[in-house]
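Colleague: Pasting structure.cif below, which is mmCIF, C-alpha atoms.
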data_structure
loop_
_atom_site.label_atom_id
_atom_site.label_comp_id
_atom_site.auth_asym_id
_atom_site.auth_seq_id
_atom_site.Cartn_x
_atom_site.Cartn_y
_atom_site.Cartn_z
CA MET F 1080 -204.32 -135.08 -204.11
CA LYS F 1081 -202.29 -132.69 -206.24
CA TYR F 1082 -204.10 -133.30 -209.53
CA SER F 1083 -207.60 -134.01 -208.20
CA LEU F 1084 -209.24 -130.99 -209.82
CA THR F 1085 -207.64 -131.69 -213.20
CA ILE F 1086 -208.62 -135.36 -213.18
CA ILE F 1087 -212.21 -134.72 -212.08
CA LEU F 1088 -212.68 -131.86 -214.54
CA ALA F 1089 -211.19 -133.71 -217.50
CA THR F 1090 -213.05 -136.95 -216.76
CA LEU F 1091 -216.37 -135.14 -216.57
CA GLY F 1092 -215.49 -133.30 -219.76
CA GLY F 1093 -214.84 -136.56 -221.60
CA LEU F 1094 -218.10 -138.03 -220.31
CA LEU F 1095 -220.13 -134.96 -221.32
CA ALA F 1096 -218.45 -134.92 -224.74
CA ARG F 1097 -219.54 -138.51 -225.31
CA TRP F 1098 -223.06 -137.62 -224.22
CA TYR F 1099 -223.06 -134.67 -226.63
CA MET F 1100 -222.01 -136.93 -229.50
CA LEU F 1101 -224.73 -139.50 -228.86
CA ARG F 1102 -227.45 -139.45 -231.48
CA ARG F 1103 -230.82 -141.19 -231.31
CA ASP F 1104 -232.57 -140.25 -234.54
CA TYR F 1105 -234.80 -142.09 -237.01
CA ARG F 1106 -232.48 -145.10 -236.79
CA GLN F 1107 -233.29 -145.49 -233.07
CA TYR F 1108 -229.74 -146.65 -232.42
CA PRO F 1109 -228.18 -146.71 -229.90
CA SER F 1110 -231.29 -147.65 -227.99
CA TYR F 1111 -232.37 -145.75 -224.90
CA PRO F 1112 -231.64 -146.31 -222.06
CA GLN F 1113 -229.57 -149.51 -222.36
CA GLY F 1114 -227.50 -148.42 -225.35
CA TRP F 1115 -226.89 -145.02 -223.83
CA ALA F 1116 -225.75 -146.58 -220.56
CA ILE F 1117 -223.12 -148.63 -222.40
CA HIS F 1118 -221.75 -145.73 -224.44
CA LEU F 1119 -221.78 -143.23 -221.60
CA PHE F 1120 -219.82 -145.64 -219.42
CA LEU F 1121 -217.28 -146.08 -222.22
CA GLY F 1122 -217.15 -142.29 -222.51
CA PHE F 1123 -216.42 -142.09 -218.79
CA ILE F 1124 -213.54 -144.54 -219.20
CA GLY F 1125 -212.23 -142.56 -222.17
CA GLY F 1126 -212.45 -139.33 -220.18
CA MET F 1127 -210.54 -140.88 -217.29
CA ILE F 1128 -207.80 -142.11 -219.62
CA GLY F 1129 -207.41 -138.66 -221.17
CA ALA F 1130 -207.44 -137.01 -217.73
CA ILE F 1131 -204.70 -139.19 -216.23
CA ILE F 1132 -202.28 -138.91 -219.15
CA VAL F 1133 -201.23 -135.34 -218.24
CA PRO F 1134 -200.49 -135.95 -214.53
CA ALA F 1135 -198.65 -139.14 -215.48
CA PHE F 1136 -196.39 -137.17 -217.83
CA LEU F 1137 -195.81 -134.42 -215.27
CA GLU F 1138 -194.81 -137.01 -212.67
CA LYS F 1139 -192.64 -138.78 -215.27
CA GLU F 1140 -194.61 -141.99 -214.78
CA TYR F 1141 -194.09 -143.06 -218.37
CA SER F 1142 -194.93 -146.66 -217.64
CA ALA F 1143 -198.38 -145.51 -216.49
CA VAL F 1144 -198.83 -143.64 -219.76
CA SER F 1145 -197.97 -146.79 -221.71
CA PHE F 1146 -200.51 -148.74 -219.68
CA LEU F 1147 -203.19 -146.13 -220.34
CA LEU F 1148 -202.50 -146.11 -224.06
CA LEU F 1149 -202.74 -149.90 -224.03
CA ALA F 1150 -206.11 -149.61 -222.28
CA ALA F 1151 -207.27 -147.15 -224.93
CA THR F 1152 -206.63 -149.69 -227.68
CA GLN F 1153 -209.25 -151.90 -226.06
CA PHE F 1154 -211.85 -149.54 -227.52
CA ARG F 1155 -211.37 -151.53 -230.69
CA ALA F 1156 -213.54 -154.14 -229.01
CA VAL F 1157 -216.37 -151.59 -229.14
CA ARG F 1158 -216.44 -151.94 -232.92
CA ASP F 1159 -216.76 -155.71 -232.63
CA MET F 1160 -219.55 -155.32 -230.08
CA GLU F 1161 -221.54 -152.91 -232.25
CA ARG F 1162 -220.98 -155.01 -235.36
CA SER F 1163 -222.23 -158.15 -233.63
CA THR F 1164 -225.28 -156.34 -232.23
CA LEU F 1165 -226.27 -154.85 -235.57
CA GLN F 1166 -225.71 -158.12 -237.41
CA ALA F 1167 -227.99 -159.87 -234.92
CA MET F 1168 -230.63 -157.17 -235.44
CA GLU F 1169 -230.31 -157.41 -239.23
CA GLU F 1170 -232.62 -160.41 -239.40
CA THR F 1171 -235.45 -158.33 -237.94
CA GLU F 1172 -235.24 -155.59 -240.58
CA MET F 1173 -237.78 -155.43 -243.40
CA VAL F 1174 -235.10 -153.88 -245.60
CA LYS F 1175 -231.53 -154.85 -244.69
CA ARG F 1176 -228.84 -152.33 -243.82
CA GLY F 1177 -226.09 -154.27 -245.53
CA ALA F 1178 -222.59 -155.13 -244.31
CA ALA F 1179 -221.04 -151.80 -245.37
CA TYR F 1180 -223.57 -149.74 -243.40
CA ILE F 1181 -223.13 -151.91 -240.31
CA GLU F 1182 -219.35 -151.57 -240.48
CA GLY F 1183 -219.66 -147.80 -240.84
CA ILE F 1184 -221.88 -147.49 -237.77
CA ALA F 1185 -219.53 -149.68 -235.72
CA ARG F 1186 -216.54 -147.59 -236.80
CA VAL F 1187 -218.26 -144.35 -235.79
CA PHE F 1188 -219.01 -145.61 -232.27
CA GLU F 1189 -215.40 -146.69 -231.81
CA ALA F 1190 -214.10 -143.33 -233.02
CA ARG F 1191 -216.35 -141.32 -230.70
CA ASN F 1192 -214.80 -142.99 -227.68
CA TYR F 1193 -211.38 -141.82 -228.85
CA LEU F 1194 -212.82 -138.32 -229.21
CA SER F 1195 -213.74 -138.45 -225.52
CA ILE F 1196 -210.06 -139.05 -224.77
CA TRP F 1197 -209.05 -136.06 -226.91
CA VAL F 1198 -211.52 -133.74 -225.19
CA ALA F 1199 -210.42 -134.89 -221.72
CA LEU F 1200 -206.77 -134.50 -222.71
CA ALA F 1201 -207.36 -130.92 -223.94
CA ILE F 1202 -209.11 -130.03 -220.68
CA ALA F 1203 -206.34 -131.59 -218.58
CA ILE F 1204 -203.60 -129.75 -220.49
CA THR F 1205 -205.44 -126.44 -220.10
CA ALA F 1206 -206.11 -126.98 -216.41
CA GLU F 1207 -202.48 -127.81 -215.62
CA SER F 1208 -201.13 -125.00 -217.80
CA LEU F 1209 -203.22 -122.53 -215.80
CA ALA F 1210 -202.65 -124.11 -212.40
CA GLY F 1211 -201.23 -120.83 -211.13
CA ILE F 1212 -204.61 -119.08 -211.16
CA GLY F 1213 -206.22 -121.64 -208.86
CA ALA F 1214 -209.89 -122.51 -209.22
CA TRP F 1215 -210.35 -119.87 -211.93
CA ARG F 1216 -208.77 -122.31 -214.36
CA ILE F 1217 -212.08 -124.20 -214.44
CA ILE F 1218 -213.63 -121.58 -216.74
CA PRO F 1219 -211.03 -121.66 -219.55
CA SER F 1220 -210.73 -125.44 -219.21
CA VAL F 1221 -214.47 -125.87 -219.72
CA LEU F 1222 -214.42 -123.51 -222.70
CA VAL F 1223 -211.55 -125.40 -224.32
CA GLY F 1224 -213.35 -128.70 -223.76
CA ALA F 1225 -216.61 -127.38 -225.23
CA ILE F 1226 -214.89 -125.96 -228.30
CA MET F 1227 -212.93 -129.19 -228.77
CA ALA F 1228 -216.09 -131.31 -228.56
CA ILE F 1229 -217.97 -129.12 -231.05
CA VAL F 1230 -215.09 -129.02 -233.53
CA LEU F 1231 -214.43 -132.77 -233.37
CA ASN F 1232 -218.13 -133.53 -233.71
CA GLN F 1233 -218.34 -131.33 -236.79
CA LEU F 1234 -215.30 -133.00 -238.31
CA MET F 1235 -217.03 -136.35 -237.83
CA GLN F 1236 -220.00 -135.26 -239.93
CA GLY F 1237 -219.76 -136.78 -243.38
CA ASP F 1238 -221.54 -135.97 -246.62
CA ARG F 1239 -225.10 -136.93 -247.46
CA ILE F 1240 -226.53 -138.01 -250.78
CA GLY F 1241 -227.86 -134.50 -251.36
CA ASP F 1242 -224.28 -133.17 -251.13
CA VAL F 1243 -222.85 -135.42 -253.84
CA ALA F 1244 -225.81 -135.90 -256.18
CA GLN F 1245 -228.96 -134.31 -257.57
CA VAL F 1246 -232.15 -136.17 -256.59
CA GLU F 1247 -235.25 -135.89 -258.76
CA LEU F 1248 -238.56 -137.66 -259.18
CA ALA F 1249 -238.67 -140.09 -262.10
CA PRO F 1250 -241.74 -141.60 -263.80
CA LEU F 1251 -242.62 -145.13 -262.72
CA ARG F 1252 -244.36 -147.33 -265.29
CA PHE F 1253 -244.62 -150.85 -266.68
CA GLU F 1254 -243.54 -152.39 -269.95
CA GLY F 1255 -245.38 -155.65 -269.86
CA ALA F 1256 -244.39 -157.19 -266.53
CA PHE F 1257 -241.20 -155.12 -266.21
CA LEU F 1258 -241.23 -152.27 -263.69
CA MET F 1259 -239.45 -149.26 -265.18
CA VAL F 1260 -238.13 -146.10 -263.55
CA ALA F 1261 -237.64 -143.64 -266.41
CA ASP F 1262 -236.01 -145.88 -269.05
CA LEU F 1263 -234.30 -148.36 -266.71
CA LYS F 1264 -235.69 -151.81 -265.94
CA ILE F 1265 -235.91 -152.39 -262.20
CA ARG F 1266 -237.59 -155.79 -261.76
CA ASN F 1267 -240.12 -158.23 -263.13
CA VAL F 1268 -243.46 -157.91 -261.31
CA GLY F 1269 -245.47 -160.95 -262.34
CA LEU F 1270 -248.70 -160.49 -260.37
CA GLU F 1271 -251.22 -158.06 -261.83
CA GLN F 1272 -252.37 -157.12 -258.31
CA ALA F 1273 -248.82 -156.13 -257.39
CA ARG F 1274 -248.52 -154.03 -260.53
CA LYS F 1275 -251.69 -152.17 -259.58
CA VAL F 1276 -250.17 -151.35 -256.18
CA TYR F 1277 -247.12 -149.83 -257.88
CA GLU F 1278 -249.32 -147.82 -260.23
CA GLU F 1279 -251.42 -146.48 -257.35
CA ARG F 1280 -248.76 -145.87 -254.68
CA GLY F 1281 -245.33 -146.20 -256.26
CA LEU F 1282 -242.72 -143.46 -256.51
CA GLY F 1283 -239.55 -143.40 -258.55
CA ALA F 1284 -236.41 -141.31 -258.19
CA VAL F 1285 -233.21 -140.76 -260.11
CA ILE F 1286 -229.98 -139.89 -258.29
CA LYS F 1287 -227.53 -138.05 -260.57
CA PRO F 1288 -223.98 -137.89 -259.17
CA HIS F 1289 -221.96 -134.67 -259.29
CA GLY F 1290 -218.88 -135.73 -261.21
CA PRO F 1291 -216.72 -138.86 -261.46
CA ASN F 1292 -215.86 -139.06 -257.75
CA ALA F 1293 -219.53 -139.09 -256.75
CA LYS F 1294 -220.31 -141.54 -259.56
CA ALA F 1295 -217.70 -143.98 -258.24
CA THR F 1296 -218.96 -143.56 -254.67
CA LEU F 1297 -222.59 -144.19 -255.56
CA SER F 1298 -221.68 -147.30 -257.53
CA ASN F 1299 -220.81 -149.04 -254.26
CA LEU F 1300 -223.31 -151.83 -253.47
CA GLY F 1301 -223.20 -151.02 -249.77
CA GLN F 1302 -224.17 -147.42 -250.52
CA MET F 1303 -227.09 -148.59 -252.66
CA HIS F 1304 -228.31 -150.86 -249.84
CA ALA F 1305 -227.98 -147.96 -247.39
CA ILE F 1306 -230.19 -145.75 -249.58
CA ALA F 1307 -232.97 -148.35 -249.70
CA HIS F 1308 -232.74 -149.03 -245.95
CA ASP F 1309 -232.62 -145.42 -244.76
CA VAL F 1310 -235.46 -144.25 -246.99
CA THR F 1311 -237.53 -147.15 -245.64
CA THR F 1312 -236.66 -146.16 -242.06
CA MET F 1313 -237.48 -142.48 -242.57
CA ILE F 1314 -240.80 -142.64 -244.43
CA GLY F 1315 -241.88 -146.28 -244.11
CA VAL F 1316 -242.55 -148.87 -246.79
CA TYR F 1317 -245.81 -150.39 -248.01
CA MET F 1318 -245.06 -154.10 -247.68
CA ASP F 1319 -245.39 -157.09 -245.40
CA VAL F 1320 -243.06 -159.98 -244.66
CA ASP F 1321 -242.14 -162.11 -247.70
CA GLU F 1322 -243.61 -159.66 -250.23
CA GLN F 1323 -240.43 -159.65 -252.29
CA GLU F 1324 -241.99 -157.79 -255.21
CA PHE F 1325 -242.42 -154.75 -252.92
CA VAL F 1326 -238.87 -154.64 -251.51
CA PRO F 1327 -237.27 -151.27 -252.43
CA LEU F 1328 -234.65 -151.63 -255.13
CA VAL F 1329 -231.83 -149.35 -256.24
CA ARG F 1330 -230.45 -150.00 -259.71
CA ARG F 1331 -227.56 -148.34 -261.54
CA ASN F 1332 -227.45 -147.25 -265.15
CA PRO F 1333 -223.95 -148.29 -266.30
CA ASP F 1334 -223.95 -145.72 -269.12
CA SER F 1335 -224.64 -142.60 -267.03
CA GLY F 1336 -223.78 -143.81 -263.51
CA ASN F 1337 -227.19 -142.59 -262.30
CA LEU F 1338 -229.03 -144.56 -259.61
CA TYR F 1339 -232.74 -145.32 -259.91
CA LEU F 1340 -234.98 -146.15 -256.96
CA ALA F 1341 -238.42 -147.76 -257.13
CA PHE F 1342 -240.27 -147.39 -253.85
CA LEU F 1343 -243.65 -148.00 -252.24
CA PRO F 1344 -243.90 -145.52 -249.34
CA SER F 1345 -246.39 -145.88 -246.52
CA GLU F 1346 -247.72 -142.45 -247.47
CA PRO F 1347 -247.11 -141.38 -251.09
CA ASP F 1348 -245.63 -137.94 -250.41
CA PRO F 1349 -243.12 -137.05 -253.19
CA GLU F 1350 -241.39 -134.25 -251.25
CA ALA F 1351 -240.86 -136.42 -248.17
CA PHE F 1352 -239.56 -139.16 -250.46
CA LEU F 1353 -236.97 -136.90 -252.10
CA THR F 1354 -235.94 -135.36 -248.77
CA ALA F 1355 -235.38 -138.81 -247.30
CA ILE F 1356 -233.08 -139.77 -250.18
CA ARG F 1357 -231.08 -136.55 -249.88
CA ARG F 1358 -230.53 -137.14 -246.16
CA VAL F 1359 -229.08 -140.64 -246.51
CA PRO F 1360 -225.44 -140.53 -245.30
CA VAL F 1361 -222.60 -141.29 -247.69
CA LEU F 1362 -220.85 -144.31 -246.20
CA GLU F 1363 -217.21 -143.72 -245.31
CA GLY F 1364 -216.25 -147.10 -246.73
CA ALA F 1365 -218.02 -146.32 -250.01
CA VAL F 1366 -216.15 -143.09 -250.79
CA ARG F 1367 -214.04 -143.31 -253.94
CA LYS F 1368 -211.95 -140.52 -255.51
CA PRO F 1369 -210.68 -141.69 -258.89
CA LEU F 1370 -209.80 -138.12 -259.87
CA THR F 1371 -206.92 -138.15 -257.39
CA SER F 1372 -205.15 -140.76 -259.54
CA ALA F 1373 -203.29 -140.10 -262.78
CA ALA F 1374 -205.45 -142.57 -264.67
CA GLY F 1375 -208.65 -141.04 -263.29
CA LYS F 1376 -207.57 -137.55 -264.43
CA MET F 1377 -206.92 -138.88 -267.91
CA LEU F 1378 -210.46 -140.28 -268.11
CA ASP F 1379 -212.17 -137.16 -266.75
#
Output the structure of this file as structure tokens.
Modeller:
Amino acid sequence: MKYSLTIILATLGGLLARWYMLRRDYRQYPSYPQGWAIHLFLGFIGGMIGAIIVPAFLEKEYSAVSFLLLAATQFRAVRDMERSTLQAMEETEMVKRGAAYIEGIARVFEARNYLSIWVALAIAITAESLAGIGAWRIIPSVLVGAIMAIVLNQLMQGDRIGDVAQVELAPLRFEGAFLMVADLKIRNVGLEQARKVYEERGLGAVIKPHGPNAKATLSNLGQMHAIAHDVTTMIGVYMDVDEQEFVPLVRRNPDSGNLYLAFLPSEPDPEAFLTAIRRVPVLEGAVRKPLTSAAGKMLD
């Protein structure tokens, strides 16, 4: 077959790009090996789509290109699949992710399948452009695919809390039954035994946004839920089922825009606590940039 080398090379490139973009970190999602099997197969399909587009154009089979592009749109079903899976898992979480975090994860997995198509397409274009040098075209095609995968993966990396805000320890204390972080009331803790646990193990933090854009972003409820969930996932939480007084809470000071977190870690290590907060991702759906508007510039 005339385009066999191009199709095989580009398909493998798309598959390897999807494998490179898979992440199994503290969130343990996607699971291994079942979750990986699903996403690698989708990456293989994406690679094949990107690989066949170039030969279809060269052979002027435009109807085939239209069919392939139609097939690519079916990756939108991946978002629905991931959303449904994460929503089903939500009931098993001690501290919930929240709808915004779930939607962000589902969107990322959909987008990475499209990136597989782009990598495969770049490899196919390179391979066919250098068809005159025979099998030697494999080397530049692989290099182009590797560079494309690295660049696209880097472009997919968003900000973290540490990039948009300053995170500091804050004193945790009680005024009567009210749990306070610095000067902000967090919750009413009625049981004296629960108050003792906070006094012995509790940690507080203040998150100070860098400017109006960060302040608007951190005011998103989904972002606040994500902070509580991710910190819990990274360093653990000292609580059992139905101990509502120990659930991590993030509260916002409406005057300053600062966020305050009251937390009971499994191991009271302040540095690990602050590092965990700084590494929480900024949700794509939470990003706000009021300074790009005329009204926002007037208020700055």
Colleague: Just checking: using all atoms listed in the file, which residue out of F:Ala1135, F:Val1326, F:Ala1261, F:Ala1156 ends up closest to Ala1284 (chain F)?
Modeller: F:Ala1261
Colleague: I need the residue nearest Ile1240 (chain F) from this list: F:Ile1265, F:Ala1355, F:Ala1206, F:Ile1132. Use only C-alpha atoms for the distance.
Modeller: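 Smallest separation from Ile1240 (chain F) among the options: F:Ala1355.
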Colleague: Do you know which residues the PyMOL selection byres ((chain F and resi 1304) around 9) returns on this file, as a PyMOL selection string?
Modeller: chain F and resi 1174-1177+1179-1180+1299-1303+1305-1309+1328-1329
Colleague: Quick one: everything within 10 Å of Leu1095 (chain F), counting all atoms listed in the file, minus sequence neighbours fewer than 3 positions away in the same chain. Send it as a VMD selection string.
Modeller: chain F and resid 1089 to 1092 1098 to 1101 1119 1122 to 1123 1126 1195 1198 to 1199 1224 to 1225 1228
Colleague: Counting all atoms listed in the file, which residues sit no farther than 9 Å from the position (-231.7, -143.9, -260.6) in the file's frame? I'd like them as a PyMOL selection string.
Modeller: chain F and resi 1246-1247+1249+1260-1261+1263+1283-1287+1329-1332+1336-1341
Colleague: So what does the PyMOL selection byres ((chain F and resi 1291) around 9) actually pick up in this one, as an MDAnalysis selection string?
Modeller: chainID F and resid 1288:1290 1292:1296 1336 1368:1370 1375 1379
Colleague: One number please: CA of Pro1344 (chain F) to CA of Lys1275 (chain F), in Å, one decimal.
Modeller: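 We find that CA of Pro1344 (chain F) and CA of Lys1275 (chain F) lie 14.5 Å from each other.
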Colleague: Please measure the separation of CA of Ala1096 (chain F) and CA of Met1227 (chain F), giving the value in Å to one decimal.
Modeller: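 That distance, rounded to one decimal, is 8.9 Å.
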Colleague: Restricting the calculation to only C-alpha atoms: of F:Ile1124, F:Ala1190, F:Ile1356, F:Ala1273, which residue gets closest to Tyr1317 (chain F)?
Modeller: F:Ala1273
Colleague: If we count all atoms listed in the file, what is near Ser1163 (chain F) at a cut-off of 10 Å, once residues fewer than 4 positions away on the same chain are taken out, given as a ChimeraX atom specification?
Modeller: /F:1157-1159,1167-1169,1181-1182,1185
Colleague: For the residues in that selection, give me C-alpha atoms as a PDB file, keeping the file's coordinate frame.
Modeller:
ATOM      1  CA  VAL F1157    -216.370-151.590-229.140  1.00  0.00           C
ATOM      2  CA  ARG F1158    -216.440-151.940-232.920  1.00  0.00           C
ATOM      3  CA  ASP F1159    -216.760-155.710-232.630  1.00  0.00           C
ATOM      4  CA  ALA F1167    -227.990-159.870-234.920  1.00  0.00           C
ATOM      5  CA  MET F1168    -230.630-157.170-235.440  1.00  0.00           C
ATOM      6  CA  GLU F1169    -230.310-157.410-239.230  1.00  0.00           C
ATOM      7  CA  ILE F1181    -223.130-151.910-240.310  1.00  0.00           C
ATOM      8  CA  GLU F1182    -219.350-151.570-240.480  1.00  0.00           C
ATOM      9  CA  ALA F1185    -219.530-149.680-235.720  1.00  0.00           C
TER      10      ALA F1185
END
Colleague: So that I can see what lies close to region 1210-1221 of chain F, please list as a PDB file with C-alpha atoms, keeping the file's coordinate frame the residues with an atom at most 9 Å from it, counting all atoms listed in the file and leaving out residues fewer than 6 positions away in the same chain.
Modeller:
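The resulting file, part-v1.pdb, is shown below:
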ATOM      1  CA  LEU F1084    -209.240-130.990-209.820  1.00  0.00           C
ATOM      2  CA  THR F1085    -207.640-131.690-213.200  1.00  0.00           C
ATOM      3  CA  LEU F1088    -212.680-131.860-214.540  1.00  0.00           C
ATOM      4  CA  ALA F1089    -211.190-133.710-217.500  1.00  0.00           C
ATOM      5  CA  GLY F1092    -215.490-133.300-219.760  1.00  0.00           C
ATOM      6  CA  ALA F1201    -207.360-130.920-223.940  1.00  0.00           C
ATOM      7  CA  ILE F1202    -209.110-130.030-220.680  1.00  0.00           C
ATOM      8  CA  ALA F1203    -206.340-131.590-218.580  1.00  0.00           C
ATOM      9  CA  ILE F1204    -203.600-129.750-220.490  1.00  0.00           C
TER      10      ILE F1204
END
Colleague: Please enumerate the residues selected by the PyMOL selection byres ((chain F and resi 1153) around 12) when evaluated against the supplied file, formatted as JSON, numbers by chain.
Modeller: {"F": [1121, 1124, 1125, 1128, 1146, 1147, 1148, 1149, 1150, 1151, 1152, 1154, 1155, 1156, 1157, 1158, 1159, 1160, 1189, 1192, 1193]}
Colleague: Between F:Leu1222, F:Thr1312, F:Ile1196, F:Glu1322, which is the closest to Val1268 (chain F) once you count only C-alpha atoms?
Modeller: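 Between F:Leu1222, F:Thr1312, F:Ile1196, F:Glu1322, the residue approaching Val1268 (chain F) most closely is F:Glu1322.
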Colleague: Quote the spacing between CA of Leu1251 (chain F) and CA of Leu1362 (chain F) in Å to one decimal place.
Modeller: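 About the pair CA of Leu1251 (chain F) and CA of Leu1362 (chain F): they are 27.3 Å apart.
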Colleague: Between F:Arg1102, F:Gly1093, F:Gly1241, F:Ser1145, which residue has the minimum interatomic distance to Trp1197 (chain F), considering all atoms listed in the file?
Modeller: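 Among the listed residues, F:Gly1093 lies closest to Trp1197 (chain F).
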Colleague: Which residues of region 1202-1266 of chain F have any atom within 9 Å of an atom in region 1277-1281 of chain F when counting all atoms listed in the file, and what is the closest pair of atoms for each, with the distance in Å to one decimal? Order the rows by chain and rising number and write it as CSV.
Modeller:
residue,atom,partner,partner_atom,distance
F:Leu1251,CA,F:Gly1281,CA,7.1
F:Arg1252,CA,F:Glu1278,CA,7.1
F:Phe1253,CA,F:Glu1278,CA,8.5
F:Leu1258,CA,F:Tyr1277,CA,8.6
Colleague: Take the residues just selected and output them with C-alpha atoms as a JSON list (two decimals), keeping the file's coordinate frame.
Modeller:
[["chain", "number", "residue", "atom", "x", "y", "z"],
["F", 1251, "LEU", "CA", -242.62, -145.13, -262.72],
["F", 1252, "ARG", "CA", -244.36, -147.33, -265.29],
["F", 1253, "PHE", "CA", -244.62, -150.85, -266.68],
["F", 1258, "LEU", "CA", -241.23, -152.27, -263.69]]
Colleague: Excluding Pro1360 (chain F) and any residue of its chain fewer than 5 positions from it, enumerate the residues within 8 Å of it, using only C-alpha atoms, and give them as an mmCIF file with C-alpha atoms, in the coordinates of the input.
Modeller:
data_model
loop_
_atom_site.group_PDB
_atom_site.id
_atom_site.type_symbol
_atom_site.label_atom_id
_atom_site.label_comp_id
_atom_site.auth_asym_id
_atom_site.auth_seq_id
_atom_site.Cartn_x
_atom_site.Cartn_y
_atom_site.Cartn_z
ATOM 1 C CA GLY F 1237 -219.760 -136.780 -243.380
ATOM 2 C CA ASP F 1238 -221.540 -135.970 -246.620
ATOM 3 C CA ARG F 1239 -225.100 -136.930 -247.460
ATOM 4 C CA ILE F 1240 -226.530 -138.010 -250.780
#
Colleague: Identify which of the residues F:Val1230, F:Phe1188, F:Met1235, F:Phe1325 lies closest to Gln1272 (chain F), counting all atoms listed in the file when measuring atom-to-atom distances.
Modeller: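 Selected residue with least distance to Gln1272 (chain F): F:Phe1325.
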Colleague: Show me, as AutoDock Vina command-line options, the centre and edge lengths in Å to one decimal of the axis-aligned box that covers every listed atom of region 1112-1118 of chain F with 6 Å on each side.
Modeller:
--center_x -226.7 --center_y -147.3 --center_z -223.0 --size_x 21.9 --size_y 16.5 --size_z 16.8
